[in-house]
Amino acid sequence: QIQLVESGGGSVQAAGSLRLSCAASGHTYGTKYIGWFRQAPAKDRERVARIGAGGGGTYYADSVRGRFTLSRDNAKNTVYLETNSLKPEDTAMYYCAVATRYLSLGDSLKPANYNYWGQGTQVIVSS
């Protein structure tokens, strides 16, 4: 079992920044990918970014590339999502998730392939 706890969400004005955190505990040695996803009201959950367990293999969705940055602190078992130049359309519940199988790039971007999820942290961006 892997437990994930997100934090760092909040309400900001457009062009603002937030640093989201995803702290993992439990049997984290099985982690292959850590992904960030988001879901806005009445919309499907969409991919935001993901990183390989070794720290490489980062991927960003087109909608956030150049504005969001992944990093990790292995000593704290924590992955960060730095969100900059936020836009109202970034408003959503943000979730981190862990996949414990090796996946193709395409499959590693699909929420269905992630088997551990946090409870989410809300991001609200006002214009």
# chains A, B, ... in the order shown; residues from 1 in each chain; ligands from 1

$ closest_atom_pairs --of "stretch 65-101 of chain A" --to "stretch 19-32 of chain A" --cutoff "7 Å" --atoms "only C-alpha atoms" --output "CSV"
residue,atom,partner,partner_atom,distance
A:Asn77,CA,A:Ala24,CA,5.6
A:Thr78,CA,A:Ala23,CA,4.4
A:Val79,CA,A:Cys22,CA,5.1
A:Tyr80,CA,A:Ser21,CA,4.6
A:Leu81,CA,A:Leu20,CA,5.0
A:Glu82,CA,A:Arg19,CA,4.5
A:Thr83,CA,A:Arg19,CA,6.0
A:Cys96,CA,A:Cys22,CA,6.3
A:Val98,CA,A:Thr31,CA,6.3
A:Ala99,CA,A:Lys32,CA,5.7
A:Thr100,CA,A:Thr31,CA,4.8
A:Arg101,CA,A:Lys32,CA,6.0

$ write_last_selection --atoms "all heavy atoms" --output "tab-separated table (two decimals), in the first residue's frame"
chain	number	residue	atom	x	y	z
A	77	ASN	N	10.54	11.84	0.36
A	77	ASN	CA	9.54	11.09	-0.41
A	77	ASN	C	8.43	12.00	-0.91
A	77	ASN	O	7.24	11.65	-0.83
A	77	ASN	CB	8.94	9.97	0.44
A	77	ASN	CG	9.53	8.61	0.10
A	77	ASN	OD1	10.24	8.46	-0.90
A	77	ASN	ND2	9.25	7.64	0.93
A	78	THR	N	8.82	13.15	-1.41
A	78	THR	CA	7.84	14.16	-1.81
A	78	THR	C	8.14	14.63	-3.23
A	78	THR	O	9.30	14.85	-3.60
A	78	THR	CB	7.87	15.36	-0.85
A	78	THR	OG1	7.53	14.90	0.46
A	78	THR	CG2	6.87	16.43	-1.29
A	79	VAL	N	7.08	14.77	-4.01
A	79	VAL	CA	7.15	15.34	-5.35
A	79	VAL	C	6.42	16.68	-5.33
A	79	VAL	O	5.34	16.80	-4.73
A	79	VAL	CB	6.53	14.40	-6.40
A	79	VAL	CG1	6.40	15.08	-7.75
A	79	VAL	CG2	7.37	13.13	-6.52
A	80	TYR	N	7.00	17.67	-5.98
A	80	TYR	CA	6.42	19.01	-6.02
A	80	TYR	C	5.99	19.35	-7.44
A	80	TYR	O	6.64	18.97	-8.41
A	80	TYR	CB	7.45	20.04	-5.54
A	80	TYR	CG	7.96	19.77	-4.15
A	80	TYR	CD1	9.19	19.14	-3.95
A	80	TYR	CD2	7.22	20.15	-3.03
A	80	TYR	CE1	9.66	18.89	-2.68
A	80	TYR	CE2	7.69	19.90	-1.75
A	80	TYR	CZ	8.91	19.27	-1.58
A	80	TYR	OH	9.37	19.02	-0.32
A	81	LEU	N	4.93	20.09	-7.54
A	81	LEU	CA	4.49	20.66	-8.81
A	81	LEU	C	4.43	22.17	-8.64
A	81	LEU	O	3.54	22.70	-7.97
A	81	LEU	CB	3.12	20.11	-9.22
A	81	LEU	CG	2.61	20.59	-10.58
A	81	LEU	CD1	3.48	20.02	-11.71
A	81	LEU	CD2	1.15	20.19	-10.79
A	82	GLU	N	5.44	22.84	-9.18
A	82	GLU	CA	5.48	24.29	-9.13
A	82	GLU	C	4.60	24.82	-10.26
A	82	GLU	O	4.84	24.52	-11.43
A	82	GLU	CB	6.92	24.77	-9.32
A	82	GLU	CG	7.15	26.22	-9.00
A	82	GLU	CD	7.17	26.49	-7.50
A	82	GLU	OE1	7.75	25.69	-6.76
A	82	GLU	OE2	6.60	27.52	-7.09
A	83	THR	N	3.57	25.59	-9.89
A	83	THR	CA	2.65	26.11	-10.89
A	83	THR	C	2.81	27.61	-10.96
A	83	THR	O	2.65	28.32	-9.96
A	83	THR	CB	1.19	25.75	-10.54
A	83	THR	OG1	0.80	26.42	-9.35
A	83	THR	CG2	1.02	24.25	-10.35
A	96	CYS	N	-2.36	13.83	-7.01
A	96	CYS	CA	-1.18	13.08	-7.40
A	96	CYS	C	-1.52	11.60	-7.31
A	96	CYS	O	-2.43	11.19	-6.58
A	96	CYS	CB	0.04	13.42	-6.56
A	96	CYS	SG	-0.01	12.88	-4.86
A	98	VAL	N	0.19	7.38	-8.10
A	98	VAL	CA	1.34	6.50	-8.30
A	98	VAL	C	0.95	5.30	-9.15
A	98	VAL	O	-0.09	4.69	-8.92
A	98	VAL	CB	1.91	6.02	-6.95
A	98	VAL	CG1	2.75	4.77	-7.12
A	98	VAL	CG2	2.71	7.11	-6.28
A	99	ALA	N	1.79	5.00	-10.13
A	99	ALA	CA	1.65	3.78	-10.91
A	99	ALA	C	2.78	2.83	-10.53
A	99	ALA	O	3.93	3.26	-10.37
A	99	ALA	CB	1.70	4.09	-12.41
A	100	THR	N	2.46	1.56	-10.40
A	100	THR	CA	3.45	0.59	-9.94
A	100	THR	C	3.82	-0.42	-11.02
A	100	THR	O	4.41	-1.46	-10.74
A	100	THR	CB	2.94	-0.15	-8.69
A	100	THR	OG1	1.69	-0.77	-9.00
A	100	THR	CG2	2.78	0.80	-7.53
A	101	ARG	N	3.47	-0.10	-12.28
A	101	ARG	CA	3.90	-0.94	-13.41
A	101	ARG	C	4.65	-0.07	-14.40
A	101	ARG	O	4.38	1.12	-14.52
A	101	ARG	CB	2.69	-1.55	-14.12
A	101	ARG	CG	1.85	-2.50	-13.30
A	101	ARG	CD	0.72	-3.09	-14.15
A	101	ARG	NE	-0.22	-2.07	-14.59
A	101	ARG	CZ	-0.54	-1.85	-15.86
A	101	ARG	NH1	0.02	-2.55	-16.83
A	101	ARG	NH2	-1.43	-0.93	-16.18

$ residues_around --residues "A:Ala92" --least-positions-apart "5" --cutoff "9 Å" --atoms "only C-alpha atoms" --output "list in words"
Arg38, Gln39, Ala40, Pro41, Thr121, Gln122, Val123, Ile124 and Val125 of chain A

$ write_last_selection --atoms "C-alpha atoms" --output "JSON list (two decimals), in the first residue's frame"
[["chain", "number", "residue", "atom", "x", "y", "z"],
["A", 38, "ARG", "CA", -6.60, 17.59, -12.36],
["A", 39, "GLN", "CA", -10.35, 17.62, -12.57],
["A", 40, "ALA", "CA", -12.56, 20.65, -12.98],
["A", 41, "PRO", "CA", -16.29, 20.53, -12.21],
["A", 121, "THR", "CA", -5.84, 19.74, -3.27],
["A", 122, "GLN", "CA", -8.03, 22.52, -4.67],
["A", 123, "VAL", "CA", -6.60, 25.26, -6.88],
["A", 124, "ILE", "CA", -8.77, 28.28, -7.66],
["A", 125, "VAL", "CA", -7.49, 30.97, -10.01]]

$ atom_distance --atom1 "atom CA of A:Lys87" --atom2 "atom CA of A:Gln3"
29.8 Å

$ residues_around --residues "A:Leu86" --least-positions-apart "4" --cutoff "7 Å" --atoms "only C-alpha atoms" --output "PyMOL selection string"
chain A and resi 14-17+90+125

$ closest_residue --among "A:Gln13, A:Met93, A:Ile51, A:Leu109" --to "A:Thr69" --atoms "only C-alpha atoms"
A:Ile51

$ atom_distance --atom1 "atom CA of A:Tyr95" --atom2 "atom CA of A:Gly120"
4.4 Å

$ atom_distance --atom1 "atom CA of A:Val12" --atom2 "atom CA of A:Pro111"
26.5 Å

$ closest_residue --among "A:Ala61, A:Gln1, A:Gly55, A:Thr91" --to "A:Lys43" --atoms "only C-alpha atoms"
A:Thr91

$ decode --residues "stretch 14-53 of chain A" --atoms "N, CA and C atoms" --output "PDB file, in the first residue's frame"
ATOM      1  N   ALA A  14      -4.964  35.422 -11.241  1.00  0.00           N
ATOM      2  CA  ALA A  14      -4.290  35.051 -12.483  1.00  0.00           C
ATOM      3  C   ALA A  14      -2.870  35.617 -12.488  1.00  0.00           C
ATOM      4  N   ALA A  15      -1.957  34.833 -13.027  1.00  0.00           N
ATOM      5  CA  ALA A  15      -0.521  35.126 -13.088  1.00  0.00           C
ATOM      6  C   ALA A  15       0.198  34.778 -11.796  1.00  0.00           C
ATOM      7  N   GLY A  16      -0.547  34.323 -10.796  1.00  0.00           N
ATOM      8  CA  GLY A  16       0.068  33.929  -9.540  1.00  0.00           C
ATOM      9  C   GLY A  16       0.682  32.551  -9.605  1.00  0.00           C
ATOM     10  N   SER A  17       1.208  32.114  -8.458  1.00  0.00           N
ATOM     11  CA  SER A  17       1.912  30.829  -8.383  1.00  0.00           C
ATOM     12  C   SER A  17       1.508  30.075  -7.126  1.00  0.00           C
ATOM     13  N   LEU A  18       1.598  28.771  -7.224  1.00  0.00           N
ATOM     14  CA  LEU A  18       1.412  27.892  -6.078  1.00  0.00           C
ATOM     15  C   LEU A  18       2.385  26.736  -6.207  1.00  0.00           C
ATOM     16  N   ARG A  19       2.848  26.204  -5.097  1.00  0.00           N
ATOM     17  CA  ARG A  19       3.650  24.986  -5.116  1.00  0.00           C
ATOM     18  C   ARG A  19       2.848  23.872  -4.459  1.00  0.00           C
ATOM     19  N   LEU A  20       2.490  22.916  -5.261  1.00  0.00           N
ATOM     20  CA  LEU A  20       1.744  21.762  -4.767  1.00  0.00           C
ATOM     21  C   LEU A  20       2.730  20.675  -4.357  1.00  0.00           C
ATOM     22  N   SER A  21       2.400  19.990  -3.271  1.00  0.00           N
ATOM     23  CA  SER A  21       3.249  18.910  -2.763  1.00  0.00           C
ATOM     24  C   SER A  21       2.474  17.612  -2.742  1.00  0.00           C
ATOM     25  N   CYS A  22       3.207  16.531  -2.955  1.00  0.00           N
ATOM     26  CA  CYS A  22       2.639  15.184  -2.877  1.00  0.00           C
ATOM     27  C   CYS A  22       3.600  14.354  -2.032  1.00  0.00           C
ATOM     28  N   ALA A  23       3.193  14.073  -0.802  1.00  0.00           N
ATOM     29  CA  ALA A  23       4.029  13.305   0.112  1.00  0.00           C
ATOM     30  C   ALA A  23       3.578  11.848   0.114  1.00  0.00           C
ATOM     31  N   ALA A  24       4.521  10.949  -0.108  1.00  0.00           N
ATOM     32  CA  ALA A  24       4.211   9.525  -0.188  1.00  0.00           C
ATOM     33  C   ALA A  24       4.738   8.789   1.035  1.00  0.00           C
ATOM     34  N   SER A  25       3.996   7.774   1.438  1.00  0.00           N
ATOM     35  CA  SER A  25       4.441   6.910   2.535  1.00  0.00           C
ATOM     36  C   SER A  25       3.967   5.495   2.258  1.00  0.00           C
ATOM     37  N   GLY A  26       4.489   4.557   3.026  1.00  0.00           N
ATOM     38  CA  GLY A  26       4.129   3.161   2.815  1.00  0.00           C
ATOM     39  C   GLY A  26       5.148   2.459   1.945  1.00  0.00           C
ATOM     40  N   HIS A  27       4.684   1.510   1.125  1.00  0.00           N
ATOM     41  CA  HIS A  27       5.575   0.696   0.298  1.00  0.00           C
ATOM     42  C   HIS A  27       5.922   1.416  -1.008  1.00  0.00           C
ATOM     43  N   THR A  28       6.604   2.554  -0.860  1.00  0.00           N
ATOM     44  CA  THR A  28       6.900   3.397  -2.021  1.00  0.00           C
ATOM     45  C   THR A  28       7.940   2.797  -2.954  1.00  0.00           C
ATOM     46  N   TYR A  29       8.623   1.728  -2.539  1.00  0.00           N
ATOM     47  CA  TYR A  29       9.657   1.146  -3.379  1.00  0.00           C
ATOM     48  C   TYR A  29       9.081   0.583  -4.675  1.00  0.00           C
ATOM     49  N   GLY A  30       7.765   0.350  -4.700  1.00  0.00           N
ATOM     50  CA  GLY A  30       7.127  -0.186  -5.899  1.00  0.00           C
ATOM     51  C   GLY A  30       6.753   0.873  -6.922  1.00  0.00           C
ATOM     52  N   THR A  31       7.022   2.141  -6.608  1.00  0.00           N
ATOM     53  CA  THR A  31       6.625   3.237  -7.484  1.00  0.00           C
ATOM     54  C   THR A  31       7.412   3.218  -8.792  1.00  0.00           C
ATOM     55  N   LYS A  32       6.713   3.354  -9.907  1.00  0.00           N
ATOM     56  CA  LYS A  32       7.357   3.498 -11.214  1.00  0.00           C
ATOM     57  C   LYS A  32       7.155   4.901 -11.766  1.00  0.00           C
ATOM     58  N   TYR A  33       5.983   5.495 -11.553  1.00  0.00           N
ATOM     59  CA  TYR A  33       5.703   6.850 -12.029  1.00  0.00           C
ATOM     60  C   TYR A  33       4.880   7.581 -10.967  1.00  0.00           C
ATOM     61  N   ILE A  34       5.109   8.878 -10.858  1.00  0.00           N
ATOM     62  CA  ILE A  34       4.253   9.750 -10.056  1.00  0.00           C
ATOM     63  C   ILE A  34       3.625  10.733 -11.022  1.00  0.00           C
ATOM     64  N   GLY A  35       2.331  10.772 -11.028  1.00  0.00           N
ATOM     65  CA  GLY A  35       1.609  11.647 -11.945  1.00  0.00           C
ATOM     66  C   GLY A  35       0.795  12.685 -11.204  1.00  0.00           C
ATOM     67  N   TRP A  36       0.617  13.808 -11.854  1.00  0.00           N
ATOM     68  CA  TRP A  36      -0.322  14.839 -11.389  1.00  0.00           C
ATOM     69  C   TRP A  36      -1.450  14.919 -12.411  1.00  0.00           C
ATOM     70  N   PHE A  37      -2.660  14.906 -11.895  1.00  0.00           N
ATOM     71  CA  PHE A  37      -3.846  15.028 -12.719  1.00  0.00           C
ATOM     72  C   PHE A  37      -4.718  16.118 -12.120  1.00  0.00           C
ATOM     73  N   ARG A  38      -5.673  16.594 -12.887  1.00  0.00           N
ATOM     74  CA  ARG A  38      -6.605  17.587 -12.356  1.00  0.00           C
ATOM     75  C   ARG A  38      -7.988  17.343 -12.914  1.00  0.00           C
ATOM     76  N   GLN A  39      -8.961  17.785 -12.152  1.00  0.00           N
ATOM     77  CA  GLN A  39     -10.346  17.620 -12.568  1.00  0.00           C
ATOM     78  C   GLN A  39     -11.132  18.859 -12.183  1.00  0.00           C
ATOM     79  N   ALA A  40     -11.681  19.498 -13.188  1.00  0.00           N
ATOM     80  CA  ALA A  40     -12.557  20.655 -12.975  1.00  0.00           C
ATOM     81  C   ALA A  40     -13.994  20.157 -12.912  1.00  0.00           C
ATOM     82  N   PRO A  41     -14.881  20.941 -12.298  1.00  0.00           N
ATOM     83  CA  PRO A  41     -16.288  20.529 -12.207  1.00  0.00           C
ATOM     84  C   PRO A  41     -16.877  20.188 -13.570  1.00  0.00           C
ATOM     85  N   ALA A  42     -17.563  19.083 -13.646  1.00  0.00           N
ATOM     86  CA  ALA A  42     -18.253  18.622 -14.851  1.00  0.00           C
ATOM     87  C   ALA A  42     -17.303  18.270 -15.991  1.00  0.00           C
ATOM     88  N   LYS A  43     -16.029  18.077 -15.680  1.00  0.00           N
ATOM     89  CA  LYS A  43     -15.066  17.690 -16.715  1.00  0.00           C
ATOM     90  C   LYS A  43     -14.373  16.400 -16.306  1.00  0.00           C
ATOM     91  N   ASP A  44     -13.827  15.721 -17.300  1.00  0.00           N
ATOM     92  CA  ASP A  44     -13.071  14.511 -17.034  1.00  0.00           C
ATOM     93  C   ASP A  44     -11.737  14.841 -16.373  1.00  0.00           C
ATOM     94  N   ARG A  45     -11.195  13.864 -15.660  1.00  0.00           N
ATOM     95  CA  ARG A  45      -9.869  14.034 -15.075  1.00  0.00           C
ATOM     96  C   ARG A  45      -8.851  14.058 -16.206  1.00  0.00           C
ATOM     97  N   GLU A  46      -7.941  15.024 -16.176  1.00  0.00           N
ATOM     98  CA  GLU A  46      -6.976  15.161 -17.252  1.00  0.00           C
ATOM     99  C   GLU A  46      -5.554  15.135 -16.699  1.00  0.00           C
ATOM    100  N   ARG A  47      -4.643  14.686 -17.531  1.00  0.00           N
ATOM    101  CA  ARG A  47      -3.238  14.620 -17.148  1.00  0.00           C
ATOM    102  C   ARG A  47      -2.646  16.024 -17.088  1.00  0.00           C
ATOM    103  N   VAL A  48      -1.727  16.212 -16.182  1.00  0.00           N
ATOM    104  CA  VAL A  48      -1.016  17.475 -16.057  1.00  0.00           C
ATOM    105  C   VAL A  48       0.475  17.253 -16.292  1.00  0.00           C
ATOM    106  N   ALA A  49       1.052  16.303 -15.546  1.00  0.00           N
ATOM    107  CA  ALA A  49       2.488  16.048 -15.641  1.00  0.00           C
ATOM    108  C   ALA A  49       2.777  14.716 -14.983  1.00  0.00           C
ATOM    109  N   ARG A  50       3.951  14.148 -15.333  1.00  0.00           N
ATOM    110  CA  ARG A  50       4.348  12.935 -14.629  1.00  0.00           C
ATOM    111  C   ARG A  50       5.862  12.824 -14.666  1.00  0.00           C
ATOM    112  N   ILE A  51       6.386  12.093 -13.675  1.00  0.00           N
ATOM    113  CA  ILE A  51       7.819  11.915 -13.549  1.00  0.00           C
ATOM    114  C   ILE A  51       8.102  10.466 -13.208  1.00  0.00           C
ATOM    115  N   GLY A  52       9.212   9.940 -13.711  1.00  0.00           N
ATOM    116  CA  GLY A  52       9.596   8.590 -13.388  1.00  0.00           C
ATOM    117  C   GLY A  52      10.122   8.499 -11.959  1.00  0.00           C
ATOM    118  N   ALA A  53      10.081   7.311 -11.413  1.00  0.00           N
ATOM    119  CA  ALA A  53      10.486   7.121 -10.023  1.00  0.00           C
ATOM    120  C   ALA A  53      11.943   7.509  -9.796  1.00  0.00           C
TER     121      ALA A  53
END
